[in-house]
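Have a look at the structure below, then the notes.
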Amino acid sequence: MSQKASEADLALDRDLFMRKLLRNLSGTLEDVVGLDAAEGYVSTVGGQIGDWIDDAYRQALGKKELGRKEVAEVCVDLKARIGGDFYLISADEDKLVFGNRRCPFGEMVKGRTSLCMMTSNVFGRISADNLGYARVELEETIARGDPGCRVVVHLKPQEDLQPDEREYYRLPKSVFDDE
Amino acid sequence: MRDGAQRPIANSVLSVLPAATLVVAADGRVTYANHVAKRRLGLAEVDGSGATIGEWQPQTGALPKVLAAIAASSNWVPLRLSRDGETLHFRARGLREAGSDVAQVVLTEASDGTASFDDLSRKIRTLNEQIAIYQRTELRLRNSISLSRLLKRELVHRVKNNLAIISAILRSKARTTGNHDVSSALYDAESRIRSIAVVHDILDLSNQTDRVDLSELFDQLLEHIRSSICPDHLQVEANLTAAQAHIDIAVPLALLVNELVTNAIKHGFTGRAAGTVQVEFRAVPDAFLLQVSDDGIGMKVDAAGQVDTPRIVAAFAAQIGTTVECEVQDGTRWSAVIAAADLVGRPSMETLVSRAGAQRD
């Protein structure tokens, strides 16, 4: 007896479709232009998204600028809203340390390390624009095969950057206004 | 460059890098550029001269905003700058000296997949555009060739009709003129024109423009001769091999056969009650042999035993690129050997010029 396509038991919905699309898109980008250049493209987008999310939270919370504690809460909350499971491990005046049990991209992120630039740029942009400076270090990532992510947002500049660190400086307002 | 003691070394290293490397402020002012960068971006001397990359524009957005966005992080991001149709690919990132809030951007020309991919994409687009142009040109040429063939076939058809009209006029005049010599000359002319017309008849019927089958040509030609000038007591027989020939060869060949057969019928059987004219066309190694023979009284020979070849016969043979030989024994036999290569291919201009020269001589 033939079954209707609409009754077929398969895990296909808009969310899976979008995640699959992003996986294939980033994989193609990494293959065609190389990992470094692909990270550059994702960083460009991540910076714009970070600026957009920062504005949205500031407006929603009715604040011109967020403090360190609020930045940490925003980072955890935004990830929860898009399907991640980030949590704050520690927070002091030097750094914010986050853990993560589930990537918003799900299993689709494995092997697509360029997508981690979204987290680095969104966390880095929000932190730097509110606190003046951020240096994001991706110590562990699900994309690289770790069981979870460990992301450290350093808030004080230092002399030399580690390979997995990216610096972010306060962005003059209106740079992304028309984007 | 943060450590003052290391600055000269850093400058030396940057200056010898093969990739264009420069540092600009967020407003586009150049604060450092190595030699390659100065050349690639057309920068004047940087120190104290106020050099800027303001003439170069990114793909999207205004240069100051793009530079400001890049200056806000240490991420290496792709940046394409264009000026007057020239595009340079860079990777760029923010750069801040320790303890400074001055936003700067360091740019280094990309030799990675970003530039290669874009370059290849552009080349593929150009190739595709050229292929499209070639395809359109090929289509136009094919249409032009088709039209040319159509016009050529139309031309063949009209030439055939015109030759038929001329032939009919000459035949009519030949019948009605009271002078035997004039009548004879008109019949000769009509016969020759008819020989040419046969070639065009065959071309027209076979939808061809430049090649005919010689066995078909000779068949029709001899049939016309039988029905027009051959008296009942004479027979015209043929033994023909099929062979394709270009009309440049077929026309003089038809005229040659017409001339030899007509002459045999007119002059070869004086006083005879019966006789046969035989036309043979057959293949021999690398050539074809044409023979027109009769069992008549035989042509007159001179004291040396030679036959005086009619000038028009020699002229037609020369056009084909051959000569004719005559043997008189129990009648007359004309022979001509035609190279196979001359039949199938159009003679080159050099060959035609050479033959024309030989004909004049």
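Simple scheme: letters A, B, ... for chains in structure tokens order, numbers from 1 for residues in each chain, numbers from 1 for ligands in the order shown.
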Would you mind listing, as JSON, numbers by chain, all residues of chain B that have at least one atom within 7 Å of chain A, where only C-alpha atoms are what counts? {"B": [65, 68, 69, 72, 73, 74, 75, 76, 77, 78, 113, 114, 117]}
Expected file contents, prior selection, C-alpha atoms, as a PDB file, in the first residue's frame:
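Full text of out-v4.pdb as output:
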ATOM      1  CA  LYS B  65      32.725  52.467   6.997  1.00  0.00           C
ATOM      2  CA  ALA B  68      36.037  51.058  10.484  1.00  0.00           C
ATOM      3  CA  ALA B  69      34.252  47.693  10.651  1.00  0.00           C
ATOM      4  CA  ALA B  72      37.086  46.768  15.130  1.00  0.00           C
ATOM      5  CA  SER B  73      38.497  43.246  15.360  1.00  0.00           C
ATOM      6  CA  SER B  74      41.620  41.204  14.766  1.00  0.00           C
ATOM      7  CA  ASN B  75      39.805  38.830  12.397  1.00  0.00           C
ATOM      8  CA  TRP B  76      41.358  38.522   8.968  1.00  0.00           C
ATOM      9  CA  VAL B  77      38.534  39.280   6.555  1.00  0.00           C
ATOM     10  CA  PRO B  78      38.487  39.385   2.757  1.00  0.00           C
ATOM     11  CA  GLY B 113      41.717  30.745  -2.564  1.00  0.00           C
ATOM     12  CA  THR B 114      39.635  33.918  -2.309  1.00  0.00           C
ATOM     13  CA  PHE B 117      38.457  31.574  -6.938  1.00  0.00           C
TER      14      PHE B 117
END
Looking only at strand (DSSP E or B) from DSSP on the backbone, list the matching residues of region 44-183 of chain B as a list in words. Thr52, Gln57, Pro58, Ser73, Val77, Pro78, Leu79, Arg80, Leu81, Ser82, Arg83, Glu86, Thr87, Leu88, His89, Phe90, Arg91, Ala92, Arg93, Gly94, Leu95, Gln104, Val105, Val106, Leu107, Thr108 and Glu109 of chain B
Please, could you write that set of residues out with N, CA and C atoms as a PDB file, in the first residue's frame?
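Saved as selection_34.pdb:
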ATOM      1  N   THR B  52      46.950  58.242   0.485  1.00  0.00           N
ATOM      2  CA  THR B  52      45.671  57.652   0.903  1.00  0.00           C
ATOM      3  C   THR B  52      45.232  56.610  -0.124  1.00  0.00           C
ATOM      4  N   GLN B  57      37.945  51.670  -3.974  1.00  0.00           N
ATOM      5  CA  GLN B  57      36.644  51.474  -3.346  1.00  0.00           C
ATOM      6  C   GLN B  57      36.337  49.988  -3.141  1.00  0.00           C
ATOM      7  N   PRO B  58      35.699  49.649  -2.004  1.00  0.00           N
ATOM      8  CA  PRO B  58      35.301  48.247  -1.777  1.00  0.00           C
ATOM      9  C   PRO B  58      34.112  47.887  -2.662  1.00  0.00           C
ATOM     10  N   SER B  73      38.123  44.575  14.854  1.00  0.00           N
ATOM     11  CA  SER B  73      38.497  43.246  15.360  1.00  0.00           C
ATOM     12  C   SER B  73      39.805  42.789  14.736  1.00  0.00           C
ATOM     13  N   VAL B  77      39.723  39.373   7.408  1.00  0.00           N
ATOM     14  CA  VAL B  77      38.534  39.280   6.555  1.00  0.00           C
ATOM     15  C   VAL B  77      38.920  39.631   5.118  1.00  0.00           C
ATOM     16  N   PRO B  78      38.173  39.074   4.161  1.00  0.00           N
ATOM     17  CA  PRO B  78      38.487  39.385   2.757  1.00  0.00           C
ATOM     18  C   PRO B  78      38.068  40.811   2.417  1.00  0.00           C
ATOM     19  N   LEU B  79      38.855  41.459   1.592  1.00  0.00           N
ATOM     20  CA  LEU B  79      38.537  42.829   1.163  1.00  0.00           C
ATOM     21  C   LEU B  79      38.985  42.996  -0.286  1.00  0.00           C
ATOM     22  N   ARG B  80      38.052  43.415  -1.097  1.00  0.00           N
ATOM     23  CA  ARG B  80      38.369  43.656  -2.506  1.00  0.00           C
ATOM     24  C   ARG B  80      38.308  45.151  -2.764  1.00  0.00           C
ATOM     25  N   LEU B  81      39.380  45.696  -3.301  1.00  0.00           N
ATOM     26  CA  LEU B  81      39.401  47.120  -3.610  1.00  0.00           C
ATOM     27  C   LEU B  81      39.557  47.319  -5.116  1.00  0.00           C
ATOM     28  N   SER B  82      38.766  48.229  -5.678  1.00  0.00           N
ATOM     29  CA  SER B  82      38.794  48.439  -7.131  1.00  0.00           C
ATOM     30  C   SER B  82      39.017  49.914  -7.445  1.00  0.00           C
ATOM     31  N   ARG B  83      39.706  50.119  -8.577  1.00  0.00           N
ATOM     32  CA  ARG B  83      39.901  51.487  -9.090  1.00  0.00           C
ATOM     33  C   ARG B  83      40.090  51.410 -10.599  1.00  0.00           C
ATOM     34  N   GLU B  86      40.461  48.082 -12.275  1.00  0.00           N
ATOM     35  CA  GLU B  86      41.460  47.159 -11.696  1.00  0.00           C
ATOM     36  C   GLU B  86      41.008  46.759 -10.300  1.00  0.00           C
ATOM     37  N   THR B  87      41.131  45.476  -9.979  1.00  0.00           N
ATOM     38  CA  THR B  87      40.700  44.992  -8.665  1.00  0.00           C
ATOM     39  C   THR B  87      41.851  44.273  -7.972  1.00  0.00           C
ATOM     40  N   LEU B  88      42.053  44.615  -6.716  1.00  0.00           N
ATOM     41  CA  LEU B  88      43.066  43.936  -5.905  1.00  0.00           C
ATOM     42  C   LEU B  88      42.367  43.224  -4.748  1.00  0.00           C
ATOM     43  N   HIS B  89      42.862  42.030  -4.448  1.00  0.00           N
ATOM     44  CA  HIS B  89      42.274  41.233  -3.362  1.00  0.00           C
ATOM     45  C   HIS B  89      43.186  41.310  -2.140  1.00  0.00           C
ATOM     46  N   PHE B  90      42.599  41.661  -1.024  1.00  0.00           N
ATOM     47  CA  PHE B  90      43.371  41.739   0.217  1.00  0.00           C
ATOM     48  C   PHE B  90      42.734  40.888   1.297  1.00  0.00           C
ATOM     49  N   ARG B  91      43.541  40.595   2.313  1.00  0.00           N
ATOM     50  CA  ARG B  91      42.994  40.147   3.588  1.00  0.00           C
ATOM     51  C   ARG B  91      43.346  41.271   4.556  1.00  0.00           C
ATOM     52  N   ALA B  92      42.369  41.620   5.389  1.00  0.00           N
ATOM     53  CA  ALA B  92      42.576  42.793   6.245  1.00  0.00           C
ATOM     54  C   ALA B  92      42.111  42.497   7.660  1.00  0.00           C
ATOM     55  N   ARG B  93      42.712  43.189   8.621  1.00  0.00           N
ATOM     56  CA  ARG B  93      42.305  43.033  10.024  1.00  0.00           C
ATOM     57  C   ARG B  93      42.631  44.320  10.777  1.00  0.00           C
ATOM     58  N   GLY B  94      42.000  44.454  11.926  1.00  0.00           N
ATOM     59  CA  GLY B  94      42.274  45.622  12.748  1.00  0.00           C
ATOM     60  C   GLY B  94      43.635  45.492  13.432  1.00  0.00           C
ATOM     61  N   LEU B  95      44.223  46.654  13.725  1.00  0.00           N
ATOM     62  CA  LEU B  95      45.540  46.662  14.374  1.00  0.00           C
ATOM     63  C   LEU B  95      45.584  47.843  15.338  1.00  0.00           C
ATOM     64  N   GLN B 104      43.450  51.165  13.351  1.00  0.00           N
ATOM     65  CA  GLN B 104      44.160  51.032  12.079  1.00  0.00           C
ATOM     66  C   GLN B 104      43.801  49.681  11.455  1.00  0.00           C
ATOM     67  N   VAL B 105      44.081  49.596  10.191  1.00  0.00           N
ATOM     68  CA  VAL B 105      43.804  48.350   9.474  1.00  0.00           C
ATOM     69  C   VAL B 105      45.066  47.936   8.735  1.00  0.00           C
ATOM     70  N   VAL B 106      45.446  46.676   8.918  1.00  0.00           N
ATOM     71  CA  VAL B 106      46.566  46.164   8.139  1.00  0.00           C
ATOM     72  C   VAL B 106      45.994  45.343   6.982  1.00  0.00           C
ATOM     73  N   LEU B 107      46.518  45.591   5.789  1.00  0.00           N
ATOM     74  CA  LEU B 107      46.051  44.887   4.585  1.00  0.00           C
ATOM     75  C   LEU B 107      47.228  44.159   3.953  1.00  0.00           C
ATOM     76  N   THR B 108      46.991  42.936   3.554  1.00  0.00           N
ATOM     77  CA  THR B 108      48.019  42.219   2.801  1.00  0.00           C
ATOM     78  C   THR B 108      47.349  41.547   1.609  1.00  0.00           C
ATOM     79  N   GLU B 109      48.013  41.675   0.473  1.00  0.00           N
ATOM     80  CA  GLU B 109      47.379  41.172  -0.748  1.00  0.00           C
ATOM     81  C   GLU B 109      47.190  39.661  -0.654  1.00  0.00           C
TER      82      GLU B 109
END
Using only C-alpha atoms, which protein or nucleic acid residues come within 8 Å of region 68-82 of chain A? Drop anything in the same chain fewer than 2 positions from it, and give the result as a list in words.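 Close residues of region 68-82 of chain A: Tyr57, Leu66, Gly84, Asp85, Phe86, Tyr87, Leu88, Ala91, Glu93, Leu96, Pro104, Phe123, Ile126, Ser127, Asn130 and Leu131 of chain A.
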Those selected residues, please, written with C-alpha atoms and delivered as an mmCIF file, in the first residue's frame.
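This went into selection15.cif:
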data_model
loop_
_atom_site.group_PDB
_atom_site.id
_atom_site.type_symbol
_atom_site.label_atom_id
_atom_site.label_comp_id
_atom_site.auth_asym_id
_atom_site.auth_seq_id
_atom_site.Cartn_x
_atom_site.Cartn_y
_atom_site.Cartn_z
ATOM 1 C CA TYR A 57 19.074 43.728 23.706
ATOM 2 C CA LEU A 66 25.396 46.905 29.286
ATOM 3 C CA GLY A 84 22.240 26.454 22.078
ATOM 4 C CA ASP A 85 22.899 25.439 25.679
ATOM 5 C CA PHE A 86 25.543 27.900 26.863
ATOM 6 C CA TYR A 87 26.121 28.586 30.538
ATOM 7 C CA LEU A 88 28.378 30.911 32.494
ATOM 8 C CA ALA A 91 32.916 35.931 35.531
ATOM 9 C CA GLU A 93 36.828 41.765 35.788
ATOM 10 C CA LEU A 96 34.004 35.756 31.203
ATOM 11 C CA PRO A 104 22.737 26.001 17.820
ATOM 12 C CA PHE A 123 30.350 37.407 21.796
ATOM 13 C CA ILE A 126 28.737 42.560 22.171
ATOM 14 C CA SER A 127 31.484 42.480 24.809
ATOM 15 C CA ASN A 130 29.721 47.469 25.847
ATOM 16 C CA LEU A 131 32.899 46.935 27.829
#
Would you work out the distance separating CA of Ala56 (chain A) from CA of Val122 (chain A), expressed in Å to one decimal?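 Going from CA of Ala56 (chain A) over to CA of Val122 (chain A) covers 12.8 Å.
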As a ChimeraX atom specification, please: the residues near Leu222 (chain B) (cut-off 8 Å, only C-alpha atoms, same-chain neighbours under 4 positions excluded). /B:218,226,236,258
DSSP on the backbone, then: every residue of region 28-152 of chain A marked alpha helix (DSSP H), written as a PyMOL selection string. chain A and resi 28-33+35-61+68-81+116-131
May I have the residues within 8 Å of region 161-166 of chain B as a PyMOL selection string, using only C-alpha atoms and disregarding those fewer than 5 positions away in the same chain? chain B and resi 190+193-194+196-197
Please provide the set of residues having any atom within 12 Å of Gly106 (chain A), restricted to only C-alpha atoms, with same-chain residues fewer than 6 positions apart removed, written as number ranges by chain. A: 15-20, 22-23, 82-85, 100, 112, 115, 142-143, 148
Okay, now the selection with C-alpha atoms, as a PDB file, in the first residue's frame?
ATOM      1  CA  ASP A  15      15.133  24.180  11.255  1.00  0.00           C
ATOM      2  CA  LEU A  16      16.884  21.065   9.981  1.00  0.00           C
ATOM      3  CA  PHE A  17      16.733  22.404   6.468  1.00  0.00           C
ATOM      4  CA  MET A  18      18.414  25.687   7.488  1.00  0.00           C
ATOM      5  CA  ARG A  19      21.088  23.930   9.529  1.00  0.00           C
ATOM      6  CA  LYS A  20      21.819  21.542   6.676  1.00  0.00           C
ATOM      7  CA  LEU A  22      24.475  26.288   6.508  1.00  0.00           C
ATOM      8  CA  ARG A  23      26.574  23.155   6.914  1.00  0.00           C
ATOM      9  CA  ILE A  82      18.618  30.028  18.978  1.00  0.00           C
ATOM     10  CA  GLY A  83      18.873  26.483  20.300  1.00  0.00           C
ATOM     11  CA  GLY A  84      22.240  26.454  22.078  1.00  0.00           C
ATOM     12  CA  ASP A  85      22.899  25.439  25.679  1.00  0.00           C
ATOM     13  CA  ASN A 100      28.284  24.916  26.082  1.00  0.00           C
ATOM     14  CA  ARG A 112      32.754  23.059  10.114  1.00  0.00           C
ATOM     15  CA  LEU A 115      31.021  28.464  11.800  1.00  0.00           C
ATOM     16  CA  ILE A 142      32.132  20.822  19.337  1.00  0.00           C
ATOM     17  CA  ALA A 143      33.059  21.635  15.742  1.00  0.00           C
ATOM     18  CA  GLY A 148      31.373  20.678  24.457  1.00  0.00           C
TER      19      GLY A 148
END
